[in-house]
Every structure is written in structure tokens, then in C-alpha cells.
>>> print(open('my_file12.cif').read())   # mmCIF, C-alpha atoms
data_start
loop_
_atom_site.label_atom_id
_atom_site.label_comp_id
_atom_site.auth_asym_id
_atom_site.auth_seq_id
_atom_site.Cartn_x
_atom_site.Cartn_y
_atom_site.Cartn_z
CA MET A 17 -71.82 32.48 44.77
CA ARG A 18 -68.26 31.57 43.87
CA LYS A 19 -65.93 34.09 42.31
CA VAL A 20 -63.87 33.17 39.27
CA HIS A 21 -60.12 32.75 39.00
CA SER A 22 -57.43 30.67 37.24
CA LEU A 23 -53.93 29.92 38.59
CA LEU A 24 -51.57 26.96 38.87
CA SER A 25 -51.55 25.29 42.29
CA LEU A 26 -48.09 26.57 43.17
CA ALA A 27 -47.81 27.92 46.70
CA PHE A 28 -45.42 30.79 47.11
CA VAL A 29 -44.32 33.06 49.92
CA VAL A 30 -45.26 36.72 49.84
CA THR A 31 -44.51 39.69 52.02
CA LEU A 32 -46.85 41.86 54.03
CA VAL A 33 -48.26 45.00 52.53
CA ILE A 34 -49.20 46.27 55.99
CA ALA A 35 -47.47 45.14 59.17
CA VAL A 36 -47.56 48.03 61.61
CA PRO A 37 -48.89 47.06 65.06
CA LEU A 38 -51.57 49.44 66.31
CA SER A 39 -53.00 49.72 69.81
CA ALA A 40 -56.73 49.31 70.48
CA ASN A 41 -58.56 48.34 73.65
CA SER A 42 -55.19 47.58 75.33
CA GLN A 43 -54.54 44.98 72.64
CA THR A 44 -52.33 44.96 69.55
CA VAL A 45 -54.00 45.04 66.15
CA THR A 46 -51.74 43.97 63.28
CA PRO A 47 -53.22 44.51 59.80
CA PHE A 48 -52.00 42.34 56.93
CA ASP A 49 -52.56 41.79 53.21
CA PRO A 50 -50.94 39.29 50.84
CA THR A 51 -48.99 40.94 48.04
CA GLY A 52 -51.37 41.64 45.15
CA SER A 53 -54.45 41.68 47.36
CA THR A 54 -57.22 44.19 46.71
CA SER A 55 -59.27 42.73 49.60
CA THR A 56 -58.30 40.19 52.28
CA PHE A 57 -60.71 37.91 54.17
CA PRO A 58 -59.28 35.71 56.98
CA ALA A 59 -61.55 32.77 57.86
CA SER A 60 -59.96 30.74 60.67
CA ILE A 61 -57.09 30.72 63.18
CA ASN A 62 -55.51 27.71 64.91
CA PRO A 63 -53.99 27.45 68.43
CA ALA A 64 -50.50 28.31 67.14
CA GLY A 65 -51.79 31.53 65.57
CA ALA A 66 -51.69 30.36 61.94
CA ILE A 67 -54.47 31.94 59.88
CA THR A 68 -56.12 30.88 56.65
CA GLY A 69 -58.56 32.67 54.37
CA PHE A 70 -58.66 34.14 50.89
CA TYR A 71 -57.88 37.36 49.10
CA SER A 72 -59.06 38.92 45.84
CA ASP A 73 -56.63 40.23 43.25
CA ALA A 74 -57.03 43.13 40.82
CA SER A 75 -59.04 40.88 38.48
CA PHE A 76 -61.46 40.00 41.32
CA VAL A 77 -60.05 36.46 41.42
CA ASN A 78 -59.90 34.69 44.80
CA HIS A 79 -56.79 32.87 46.08
CA GLY A 80 -56.15 31.00 49.31
CA PHE A 81 -53.54 32.05 51.84
CA LEU A 82 -51.83 30.79 54.97
CA ARG A 83 -50.38 33.36 57.35
CA GLY A 84 -47.94 31.79 59.80
CA ALA A 85 -47.68 32.90 63.41
CA ASP A 86 -44.47 34.73 62.40
CA GLY A 87 -46.38 36.79 59.82
CA THR A 88 -45.06 34.96 56.75
CA ILE A 89 -47.78 34.53 54.11
CA THR A 90 -48.02 31.67 51.63
CA THR A 91 -50.63 31.74 48.89
CA PHE A 92 -52.08 28.69 47.14
CA ASP A 93 -54.72 27.39 44.73
CA PRO A 94 -55.76 23.81 43.96
CA SER A 95 -55.05 22.73 40.40
CA GLY A 96 -57.90 23.79 38.11
CA SER A 97 -59.25 26.39 40.52
CA THR A 98 -60.87 29.56 39.26
CA SER A 99 -61.68 30.69 42.82
CA THR A 100 -60.23 29.36 46.08
CA MET A 101 -62.07 29.73 49.41
CA PRO A 102 -60.32 28.23 52.47
CA ALA A 103 -62.69 27.83 55.43
CA GLY A 104 -60.88 26.16 58.34
CA ILE A 105 -57.48 25.23 59.78
CA ASN A 106 -56.77 22.66 62.51
CA PRO A 107 -53.96 22.57 65.12
CA GLU A 108 -51.77 20.53 62.76
CA GLY A 109 -51.96 23.26 60.13
CA ASP A 110 -54.19 21.31 57.76
CA ILE A 111 -56.54 23.57 55.79
CA VAL A 112 -59.91 22.75 54.23
CA GLY A 113 -62.16 24.72 51.96
CA SER A 114 -63.64 24.76 48.51
CA TYR A 115 -62.71 25.91 45.05
CA THR A 116 -64.65 26.52 41.87
CA ASP A 117 -63.60 25.10 38.52
CA ALA A 118 -64.03 26.60 35.05
CA ASN A 119 -67.58 25.19 34.88
CA ALA A 120 -68.61 26.87 38.16
CA VAL A 121 -68.72 23.52 39.97
CA SER A 122 -67.48 23.47 43.58
CA HIS A 123 -64.99 20.93 44.91
CA GLY A 124 -63.63 20.38 48.39
CA PHE A 125 -59.91 20.46 49.11
CA LEU A 126 -57.52 19.51 51.88
CA ARG A 127 -54.14 21.23 52.10
CA THR A 128 -51.84 19.48 54.55
CA GLU A 129 -49.17 21.24 56.59
CA ASP A 130 -46.49 20.32 54.02
CA GLY A 131 -48.40 22.09 51.25
CA THR A 132 -49.84 19.00 49.54
CA ILE A 133 -53.34 19.71 48.18
CA THR A 134 -55.93 16.98 47.68
CA SER A 135 -59.20 17.67 45.89
CA PHE A 136 -62.33 15.69 46.81
CA ASP A 137 -66.00 15.43 45.96
CA ALA A 138 -68.73 13.98 48.15
CA PRO A 139 -70.47 10.96 46.60
CA GLY A 140 -73.69 12.23 45.03
CA ALA A 141 -72.42 15.78 44.52
CA GLY A 142 -73.77 17.35 41.35
CA THR A 143 -71.57 18.38 38.47
CA GLY A 144 -73.74 21.18 37.09
CA LEU A 145 -73.56 24.94 37.45
CA PHE A 146 -73.25 25.96 41.13
CA GLN A 147 -73.46 22.34 42.29
CA GLY A 148 -70.72 20.38 44.03
CA THR A 149 -68.91 20.06 47.36
CA ASN A 150 -68.23 22.70 50.02
CA ALA A 151 -65.94 21.81 52.94
CA THR A 152 -66.39 24.05 55.98
CA SER A 153 -64.38 22.70 58.96
CA ILE A 154 -61.66 20.23 59.99
CA ASN A 155 -60.82 18.92 63.47
CA PRO A 156 -57.46 17.78 64.94
CA ALA A 157 -58.07 14.17 63.81
CA GLY A 158 -58.44 15.31 60.22
CA THR A 159 -62.19 14.71 60.08
CA ILE A 160 -63.88 17.18 57.73
CA THR A 161 -67.47 18.36 57.54
CA GLY A 162 -69.37 20.37 54.99
CA TYR A 163 -72.24 20.07 52.55
CA TYR A 164 -72.85 19.32 48.90
CA ALA A 165 -75.46 20.23 46.31
CA ASP A 166 -76.71 17.28 44.28
CA ALA A 167 -77.96 17.22 40.69
CA SER A 168 -81.34 18.56 41.90
CA TYR A 169 -79.68 21.38 43.90
CA ALA A 170 -80.68 19.75 47.18
CA ASN A 171 -78.06 20.30 49.91
CA HIS A 172 -76.86 17.46 52.16
CA GLY A 173 -74.37 17.33 55.02
CA PHE A 174 -71.31 15.11 55.00
CA VAL A 175 -68.50 13.86 57.20
CA ARG A 176 -65.21 12.92 55.56
CA ALA A 177 -62.98 10.76 57.74
CA ALA A 178 -59.19 11.07 57.69
CA ASP A 179 -59.04 7.93 55.50
CA GLY A 180 -61.14 9.66 52.86
CA SER A 181 -64.39 7.79 53.48
CA PHE A 182 -67.66 9.74 53.44
CA THR A 183 -70.84 9.64 55.52
CA LYS A 184 -73.86 11.58 54.26
CA PHE A 185 -76.47 12.99 56.63
CA ASP A 186 -79.59 15.10 56.43
CA VAL A 187 -81.42 17.12 59.03
CA GLY A 188 -84.96 17.62 57.80
CA SER A 189 -85.77 17.31 54.13
CA GLN A 190 -84.97 20.65 52.54
CA GLY A 191 -81.31 21.41 53.16
CA THR A 192 -78.49 20.74 55.64
CA PHE A 193 -75.52 23.07 56.13
CA PRO A 194 -72.85 21.98 58.67
CA THR A 195 -70.52 24.78 59.72
CA ASN A 196 -68.15 23.42 62.39
CA ILE A 197 -66.78 20.18 63.79
CA SER A 198 -65.25 19.84 67.27
CA SER A 199 -62.25 17.79 68.35
CA ALA A 200 -64.75 15.23 69.68
CA GLY A 201 -66.38 14.93 66.27
CA GLU A 202 -69.54 16.84 67.16
CA ILE A 203 -70.95 18.91 64.31
CA THR A 204 -73.18 21.95 64.39
CA GLY A 205 -74.79 24.05 61.70
CA ASN A 206 -78.25 24.79 60.43
CA TYR A 207 -80.98 23.16 58.42
CA LEU A 208 -84.13 24.43 56.71
CA PHE A 209 -87.13 24.15 59.00
CA GLU A 210 -90.71 24.44 57.77
CA LEU A 211 -92.94 26.84 59.66
CA GLY A 212 -96.03 24.73 60.24
CA THR A 213 -97.31 23.52 56.88
CA SER A 214 -96.77 26.85 55.16
CA GLY A 215 -94.09 25.70 52.72
CA PHE A 216 -91.95 28.54 54.13
CA TYR A 217 -88.56 27.46 55.47
CA VAL A 218 -86.15 29.19 57.84
CA PRO A 219 -82.70 28.18 59.16
CA ARG A 220 -82.62 26.46 62.56
CA GLY A 221 -79.73 24.90 64.48
CA PHE A 222 -78.75 21.25 64.90
CA LEU A 223 -76.15 19.18 66.72
CA ARG A 224 -74.83 15.90 65.31
CA ALA A 225 -72.98 13.69 67.80
CA ALA A 226 -69.89 11.75 66.76
CA ASN A 227 -72.01 8.58 66.65
CA GLY A 228 -74.40 10.16 64.16
CA THR A 229 -77.23 11.01 66.55
CA ILE A 230 -78.85 14.28 65.51
CA THR A 231 -80.50 16.72 67.91
CA VAL A 232 -82.74 19.55 66.72
CA ASN A 233 -84.52 22.14 68.83
CA ILE A 234 -81.18 23.32 70.18
CA ASP A 235 -82.28 26.93 69.81
CA PRO A 236 -83.62 29.28 72.51
CA ALA A 237 -87.37 29.51 73.05
CA ASN A 238 -89.31 31.78 70.66
CA THR A 239 -86.71 31.38 67.92
CA PHE A 240 -87.65 32.41 64.40
CA THR A 241 -84.28 31.86 62.70
CA SER A 242 -81.07 30.52 64.22
CA ASN A 243 -77.43 30.22 63.17
CA PRO A 244 -75.00 28.21 65.34
CA GLY A 245 -71.59 29.60 64.49
CA GLY A 246 -69.09 27.46 66.39
CA ILE A 247 -68.63 24.48 68.69
CA ASN A 248 -65.67 24.13 71.05
CA PRO A 249 -63.93 20.99 72.44
CA ASN A 250 -66.25 21.07 75.46
CA GLY A 251 -69.30 20.79 73.21
CA THR A 252 -70.47 24.34 73.89
CA ILE A 253 -72.12 26.01 70.90
CA ALA A 254 -72.17 29.76 70.22
CA GLY A 255 -74.56 31.33 67.77
CA TYR A 256 -77.23 33.92 67.22
CA TYR A 257 -80.96 33.95 66.59
CA GLN A 258 -83.87 36.18 65.71
CA ASP A 259 -86.88 35.90 68.00
CA ASP A 260 -90.41 35.47 66.74
CA ILE A 261 -91.86 38.08 69.09
CA ALA A 262 -90.35 41.42 68.07
CA GLY A 263 -87.95 40.20 65.40
CA ALA A 264 -85.02 41.22 67.61
CA TRP A 265 -81.61 39.55 67.30
CA HIS A 266 -79.74 37.94 70.21
CA PHE A 267 -76.64 35.83 70.89
CA PHE A 268 -76.77 32.45 72.58
CA LEU A 269 -74.58 29.82 74.20
CA ARG A 270 -75.64 26.19 74.52
CA SER A 271 -73.68 23.98 76.92
CA LYS A 272 -72.85 20.33 76.35
CA GLY A 273 -75.76 19.48 78.65
CA GLY A 274 -78.19 21.63 76.69
CA VAL A 275 -78.32 24.61 79.06
CA LEU A 276 -79.03 27.77 77.08
CA THR A 277 -77.75 31.27 77.88
CA THR A 278 -78.80 34.28 75.82
CA PHE A 279 -77.26 37.73 75.85
CA ASP A 280 -77.37 41.02 73.98
CA VAL A 281 -74.67 43.47 72.96
CA PRO A 282 -75.72 47.15 73.14
CA GLY A 283 -76.24 48.77 69.75
CA THR A 284 -77.02 45.55 67.90
CA ARG A 285 -79.42 45.98 64.99
CA GLN A 286 -78.84 42.61 63.37
CA ILE A 287 -76.15 39.91 63.74
CA PHE A 288 -73.71 38.60 61.15
CA SER A 289 -71.55 36.09 63.04
CA ALA A 290 -70.76 34.43 66.36
CA THR A 291 -68.19 31.83 67.38
CA LEU A 292 -66.13 30.89 70.45
CA ASN A 293 -62.98 29.24 71.76
CA GLN A 294 -62.48 26.46 74.31
CA GLY A 295 -62.51 28.99 77.13
CA GLN A 296 -66.03 30.00 76.10
CA THR A 297 -64.92 33.45 75.00
CA VAL A 298 -67.40 34.51 72.34
CA ILE A 299 -66.72 36.85 69.44
CA GLY A 300 -69.32 38.26 67.09
CA THR A 301 -70.10 40.88 64.48
CA TYR A 302 -73.11 43.15 64.11
CA PRO A 303 -74.22 46.36 62.35
CA ASP A 304 -75.38 49.38 64.32
CA ALA A 305 -78.39 51.58 63.48
CA SER A 306 -76.39 53.27 60.71
CA PHE A 307 -75.23 49.89 59.40
CA VAL A 308 -71.62 50.52 60.41
CA ILE A 309 -70.09 47.16 61.33
CA HIS A 310 -68.68 46.45 64.81
CA SER A 311 -67.36 43.38 66.59
CA PHE A 312 -66.96 42.36 70.22
CA LEU A 313 -65.41 39.88 72.61
CA ARG A 314 -67.41 38.45 75.52
CA THR A 315 -65.57 36.52 78.22
CA ALA A 316 -66.98 33.47 79.98
CA HIS A 317 -67.83 35.81 82.88
CA GLY A 318 -69.91 38.07 80.64
CA ALA A 319 -67.54 41.04 80.28
CA VAL A 320 -67.84 42.61 76.81
CA THR A 321 -65.03 44.43 74.95
CA ALA A 322 -65.57 46.28 71.67
CA ILE A 323 -63.35 45.36 68.73
CA ASP A 324 -63.05 48.19 66.23
CA ALA A 325 -59.86 48.01 64.19
CA PRO A 326 -57.91 51.22 63.63
CA GLY A 327 -58.40 52.18 60.01
CA ALA A 328 -61.90 50.76 59.80
CA GLY A 329 -64.35 53.00 57.96
CA THR A 330 -67.39 54.47 59.66
CA SER A 331 -69.84 54.64 56.77
CA PHE A 332 -72.50 52.22 55.54
CA PHE A 333 -71.22 48.60 55.61
CA GLN A 334 -67.71 49.65 56.60
CA GLY A 335 -66.14 48.53 59.86
CA THR A 336 -64.73 45.48 61.64
CA PHE A 337 -65.66 41.84 61.01
CA VAL A 338 -64.29 39.00 63.20
CA SER A 339 -64.09 35.41 61.96
CA GLY A 340 -61.99 33.32 64.36
CA ILE A 341 -60.57 33.10 67.88
CA ASN A 342 -58.06 30.55 69.18
CA SER A 343 -57.47 29.08 72.63
CA ALA A 344 -55.03 31.89 73.51
CA GLY A 345 -57.70 34.49 72.77
CA THR A 346 -56.02 35.74 69.60
CA ILE A 347 -58.61 36.93 67.09
CA THR A 348 -58.57 37.27 63.34
CA GLY A 349 -60.92 38.93 60.89
CA HIS A 350 -60.97 41.83 58.47
CA TYR A 351 -61.88 45.47 58.47
CA THR A 352 -63.27 47.50 55.59
CA ASP A 353 -61.69 50.92 55.24
CA MET A 354 -63.23 54.18 54.05
CA ASN A 355 -62.64 53.09 50.44
CA TYR A 356 -64.42 49.76 50.99
CA VAL A 357 -61.14 47.83 50.76
CA ALA A 358 -60.94 44.86 53.14
CA HIS A 359 -57.73 44.18 55.12
CA GLY A 360 -56.95 41.19 57.31
CA PHE A 361 -55.95 41.68 60.93
CA VAL A 362 -54.74 39.88 64.04
CA TRP A 363 -56.00 41.16 67.41
CA GLY A 364 -54.27 40.00 70.57
CA LYS A 365 -51.99 40.80 73.46
#
>>> encode(input="my_file12.cif", output="C-alpha cells")
Amino acid sequence: MRKVHSLLSLAFVVTLVIAVPLSANSQTVTPFDPTGSTSTFPASINPAGAITGFYSDASFVNHGFLRGADGTITTFDPSGSTSTMPAGINPEGDIVGSYTDANAVSHGFLRTEDGTITSFDAPGAGTGLFQGTNATSINPAGTITGYYADASYANHGFVRAADGSFTKFDVGSQGTFPTNISSAGEITGNYLFELGTSGFYVPRGFLRAANGTITVNIDPANTFTSNPGGINPNGTIAGYYQDDIAGAWHFFLRSKGGVLTTFDVPGTRQIFSATLNQGQTVIGTYPDASFVIHSFLRTAHGAVTAIDAPGAGTSFFQGTFVSGINSAGTITGHYTDMNYVAHGFVWGK
């Protein structure tokens, strides 16, 4: 699951390979790639417009990057990393993610705004092949969430406070996978839910309050599988689910009070992602009937705008993938061109 790479943890500034603004849907799309990238995958954007993610080099090795709001790109790797996978960035510019060592064990890391990188492992994390710690999100207070695989390959959720202390939590008995933490300390993600007594498990959503209270059954009625993708400062969750009636895929919003809203985007065959900002603008990614990938923006009032980056390919599994939106409505993600090369982009006014 982790790709392999070896580099000293020396951050350095690189220039843009592509930096020509292009117009699409009355917005500006700015592609970017770190120098040496053969594919670029932005993961998260903060309110100031700073973006983090990873890129692959010619040896298929993954490295982390930070793209400042001014377009300057800094690359980095924790010491001992053979593959670096940043996942989230907070308003302060602190970055969290995971890296793989030479033994294919995952470790969490925190990179502060000044470039200092701290590696960490959740208590109980395994040290065998494909075991270890995966950090997925960080909030403004510096609280981190994620999950770890223990020595038996069971996955557990965790919260890491700013002082470095850990709290483990489990939703159900088969696997817990937190994806996002809000500024209020609320965490969402999915867990493995058993269908009856069949021994067959599917992902379902959960909400963990800052005080540790866990709520399940946060999904729409008739849900088969569910994937909450983001939670904003107001406690609203955005995600997607597959129904158990026709197997169709839909998007959903769940308010702080538990009110559920579902909606569909024309042309959706399946769904790959959904998240939102504090204004309840939702972004998501889906394949069409030909498995060309498209993305969209949906405002709080329900207006939908297509997001198809110029240069995106139009063949099987080519197209536009979104991964983050900030409070200003600026979006990041990547598009795959006609040669199946992925490029990062910023989409905004």
C-alpha cells in the first residue's frame, strides 16, 4: 500500500514545471508540479491557500511537498523515509501524514510551519510488514487523528493531542479508520460493520465527539456502504454512500443536529470522494459511464458546477480529481492527462 523511497529529510525549494493560469468555468486553474515529479497528488489545502501532498519521482518514489500560496514549492521527507505521504495541513501550516521505512512499516509524522519534522508511533502499533501508524488529519489546535495497525493487523483509531499524548478508540470490533478532525475536535471516518451475522463487513460512518462519545448510524436510510469524507467547524459532515436497494451511489450532508440531506450529481456511476468547507460547499469526484473522471462543486444552496481541468484526459480513468477546498472556496486536486501523468492544480477565482 505504501510506495518505496529513500532520501534525507532535507527540505528544499523547487520551481514550478507548469504555472500557466487557464480559464475554466469562469475560474482560474493553475497546474503545478514539483521539479522532478512524474506524478503529483495534492491532498489538502488550508485557509491561506497552502497545499500539501506528495509526488512520485522517476524511480516511483514518493516525496512530500508544501506549495505556498505564492506558488513556491518546498519538498521534504522524514528521516528514514522510503515513501512520504502527507495527508493534512492546518491553518498554522502544520502538516501531518505518514511515511514508510525500509521495512515497510508506517510511521506518523508532524511537520511544523518552521520545517521541523517529528516522527511518532501510536502505542500498540505493530512493527511488522505493512503495520504501523497512519496520521490522516490535524486541526488548528494541533490535535491529530488517524489509525494504526497492531501486531495482528487489526486497525484502531487514535487521537494525538498537541502535547504528544495518545488516546486509542475503536468503533465496532473489526477496524476503525478516522479520516478528518474538526476545529472543535470532532472526528469522522468509517468503521467495519457486520451485515447481520454473516461475517461480511462493509464500511459505515461514525462521529466521535471531542469528549470521546461515539455515534454510529450517521448514514442515510437504506445505506449499504458509507464513507464520510470531511467535517467542517460547524460539525457538518459530507460524504457518499451506496444504497442497498439498487446499488446506486449518492452524496450526503449531515448537520451538527443529525439532519441528513442527500443529493445526486448527473452522470455519476460511482463515487470516489466528497468533502466540504465551513460554508458547506461540497466538492466530490466520480467516474462517468465510460469511467472518465469528473469533479464538481455544490454550493450550500444546491447549485452544481462541473470541475474539469484543462489538459485532463478523456479516456478510461483519466480526468479530474479534487481533494481539498478551503474557506475561501479555493480547490486543489490533480488531473490525469492523456498519457496518464498526474498534475496538481489550484482552482479558484
>>> atom_distance(input="my_file12.cif", atom1="CA of Phe48 (chain A)", atom2="CA of Asp86 (chain A)")
12.0 Å
>>> resolve_selection(input="my_file12.cif", expression="the PyMOL selection byres ((chain A and resi 337-343) around 7)", output="list in words")
Pro58, Ala59, Ser60, Ile61, Asn62, Pro63, Leu292, Asn293, Gln294, Gly295, Gly300, Thr301, Ile309, His310, Ser311, Gly335, Thr336, Ala344, Gly345, Thr346, Ile347, Thr348, Gly349, His350 and Tyr351 of chain A
>>> write_last_selection(input="my_file12.cif", atoms="C-alpha atoms", output="short mmCIF file (atom, residue, chain, number, x, y, z; two decimals), keeping the file's coordinate frame")
data_model
loop_
_atom_site.label_atom_id
_atom_site.label_comp_id
_atom_site.auth_asym_id
_atom_site.auth_seq_id
_atom_site.Cartn_x
_atom_site.Cartn_y
_atom_site.Cartn_z
CA PRO A 58 -59.28 35.71 56.98
CA ALA A 59 -61.55 32.77 57.86
CA SER A 60 -59.96 30.74 60.67
CA ILE A 61 -57.09 30.72 63.18
CA ASN A 62 -55.51 27.71 64.91
CA PRO A 63 -53.99 27.45 68.43
CA LEU A 292 -66.13 30.89 70.45
CA ASN A 293 -62.98 29.24 71.76
CA GLN A 294 -62.48 26.46 74.31
CA GLY A 295 -62.51 28.99 77.13
CA GLY A 300 -69.32 38.26 67.09
CA THR A 301 -70.10 40.88 64.48
CA ILE A 309 -70.09 47.16 61.33
CA HIS A 310 -68.68 46.45 64.81
CA SER A 311 -67.36 43.38 66.59
CA GLY A 335 -66.14 48.53 59.86
CA THR A 336 -64.73 45.48 61.64
CA ALA A 344 -55.03 31.89 73.51
CA GLY A 345 -57.70 34.49 72.77
CA THR A 346 -56.02 35.74 69.60
CA ILE A 347 -58.61 36.93 67.09
CA THR A 348 -58.57 37.27 63.34
CA GLY A 349 -60.92 38.93 60.89
CA HIS A 350 -60.97 41.83 58.47
CA TYR A 351 -61.88 45.47 58.47
#
>>> resolve_selection(input="my_file12.cif", expression="the PyMOL selection byres ((chain A and resi 285) around 10)", output="PDB file with C-alpha atoms, in the frame of the given file")
ATOM      1  CA  ALA A 264     -85.020  41.220  67.610  1.00  0.00           C
ATOM      2  CA  TRP A 265     -81.610  39.550  67.300  1.00  0.00           C
ATOM      3  CA  HIS A 266     -79.740  37.940  70.210  1.00  0.00           C
ATOM      4  CA  VAL A 281     -74.670  43.470  72.960  1.00  0.00           C
ATOM      5  CA  PRO A 282     -75.720  47.150  73.140  1.00  0.00           C
ATOM      6  CA  GLY A 283     -76.240  48.770  69.750  1.00  0.00           C
ATOM      7  CA  THR A 284     -77.020  45.550  67.900  1.00  0.00           C
ATOM      8  CA  GLN A 286     -78.840  42.610  63.370  1.00  0.00           C
ATOM      9  CA  ILE A 287     -76.150  39.910  63.740  1.00  0.00           C
ATOM     10  CA  TYR A 302     -73.110  43.150  64.110  1.00  0.00           C
ATOM     11  CA  PRO A 303     -74.220  46.360  62.350  1.00  0.00           C
ATOM     12  CA  ASP A 304     -75.380  49.380  64.320  1.00  0.00           C
ATOM     13  CA  ALA A 305     -78.390  51.580  63.480  1.00  0.00           C
ATOM     14  CA  SER A 306     -76.390  53.270  60.710  1.00  0.00           C
ATOM     15  CA  PHE A 307     -75.230  49.890  59.400  1.00  0.00           C
TER      16      PHE A 307
END
>>> atom_distance(input="my_file12.cif", atom1="CA of Ala178 (chain A)", atom2="CA of Asn248 (chain A)")
19.8 Å
>>> residues_around(input="my_file12.cif", residues="Phe279 (chain A)", least_positions_apart="4", cutoff="9 Å", atoms="all atoms listed in the file", output="CSV table (one decimal) with C-alpha atoms, keeping the file's coordinate frame")
chain,number,residue,atom,x,y,z
A,266,HIS,CA,-79.7,37.9,70.2
A,267,PHE,CA,-76.6,35.8,70.9
A,268,PHE,CA,-76.8,32.4,72.6
A,269,LEU,CA,-74.6,29.8,74.2
A,318,GLY,CA,-69.9,38.1,80.6
>>> residues_around(input="my_file12.cif", residues="Ala237 (chain A)", least_positions_apart="6", cutoff="10 Å", atoms="all atoms listed in the file", output="list in words")
Asp259, Asp260 and Leu276 of chain A
>>> atom_distance(input="my_file12.cif", atom1="CA of Ala138 (chain A)", atom2="CA of Thr116 (chain A)")
14.6 Å
>>> resolve_selection(input="my_file12.cif", expression="the PyMOL selection byres ((chain A and resi 82) around 8)", output="mmCIF file with C-alpha atoms, in the coordinates of the input")
data_model
loop_
_atom_site.group_PDB
_atom_site.id
_atom_site.type_symbol
_atom_site.label_atom_id
_atom_site.label_comp_id
_atom_site.auth_asym_id
_atom_site.auth_seq_id
_atom_site.Cartn_x
_atom_site.Cartn_y
_atom_site.Cartn_z
ATOM 1 C CA ALA A 66 -51.690 30.360 61.940
ATOM 2 C CA ILE A 67 -54.470 31.940 59.880
ATOM 3 C CA THR A 68 -56.120 30.880 56.650
ATOM 4 C CA GLY A 69 -58.560 32.670 54.370
ATOM 5 C CA GLY A 80 -56.150 31.000 49.310
ATOM 6 C CA PHE A 81 -53.540 32.050 51.840
ATOM 7 C CA ARG A 83 -50.380 33.360 57.350
ATOM 8 C CA GLY A 84 -47.940 31.790 59.800
ATOM 9 C CA ILE A 89 -47.780 34.530 54.110
ATOM 10 C CA THR A 90 -48.020 31.670 51.630
ATOM 11 C CA THR A 91 -50.630 31.740 48.890
#
>>> closest_residue(input="my_file12.cif", among="A:Thr159, A:Asn78, A:Thr46, A:Ser331", to="Phe182 (chain A)", atoms="all atoms listed in the file")
A:Thr159
>>> closest_residue(input="my_file12.cif", among="A:Ile299, A:Ile133, A:Val357, A:Val362", to="Ser55 (chain A)", atoms="only C-alpha atoms")
A:Val357
>>> closest_residue(input="my_file12.cif", among="A:Ser53, A:Thr278, A:Asn155, A:Ser181", to="Ile247 (chain A)", atoms="only C-alpha atoms")
A:Asn155
>>> closest_residue(input="my_file12.cif", among="A:Ala316, A:Met354, A:Ala141, A:Ala157", to="Phe174 (chain A)", atoms="only C-alpha atoms")
A:Ala141
>>> residues_around(input="my_file12.cif", residues="Thr132 (chain A)", least_positions_apart="2", cutoff="12 Å", atoms="all atoms listed in the file", output="JSON list (two decimals) with C-alpha atoms, keeping the file's coordinate frame")
[["chain", "number", "residue", "atom", "x", "y", "z"],
["A", 25, "SER", "CA", -51.55, 25.29, 42.29],
["A", 26, "LEU", "CA", -48.09, 26.57, 43.17],
["A", 27, "ALA", "CA", -47.81, 27.92, 46.70],
["A", 92, "PHE", "CA", -52.08, 28.69, 47.14],
["A", 93, "ASP", "CA", -54.72, 27.39, 44.73],
["A", 94, "PRO", "CA", -55.76, 23.81, 43.96],
["A", 95, "SER", "CA", -55.05, 22.73, 40.40],
["A", 109, "GLY", "CA", -51.96, 23.26, 60.13],
["A", 110, "ASP", "CA", -54.19, 21.31, 57.76],
["A", 111, "ILE", "CA", -56.54, 23.57, 55.79],
["A", 112, "VAL", "CA", -59.91, 22.75, 54.23],
["A", 125, "PHE", "CA", -59.91, 20.46, 49.11],
["A", 126, "LEU", "CA", -57.52, 19.51, 51.88],
["A", 127, "ARG", "CA", -54.14, 21.23, 52.10],
["A", 128, "THR", "CA", -51.84, 19.48, 54.55],
["A", 129, "GLU", "CA", -49.17, 21.24, 56.59],
["A", 130, "ASP", "CA", -46.49, 20.32, 54.02],
["A", 134, "THR", "CA", -55.93, 16.98, 47.68],
["A", 135, "SER", "CA", -59.20, 17.67, 45.89]]
>>> closest_residue(input="my_file12.cif", among="A:Tyr164, A:Phe136, A:Phe185, A:Phe312", to="Asn227 (chain A)", atoms="all atoms listed in the file")
A:Phe185
>>> residues_near_point(input="my_file12.cif", point="(-86.3, 34.5, 64.4)", cutoff="12 Å", atoms="all atoms listed in the file", output="ChimeraX atom specification")
/A:209,211,217-221,235-243,256-267,286-287
>>> closest_residue(input="my_file12.cif", among="A:Ser114, A:Asn250, A:Ser189, A:Thr56", to="Tyr163 (chain A)", atoms="all atoms listed in the file")
A:Ser114
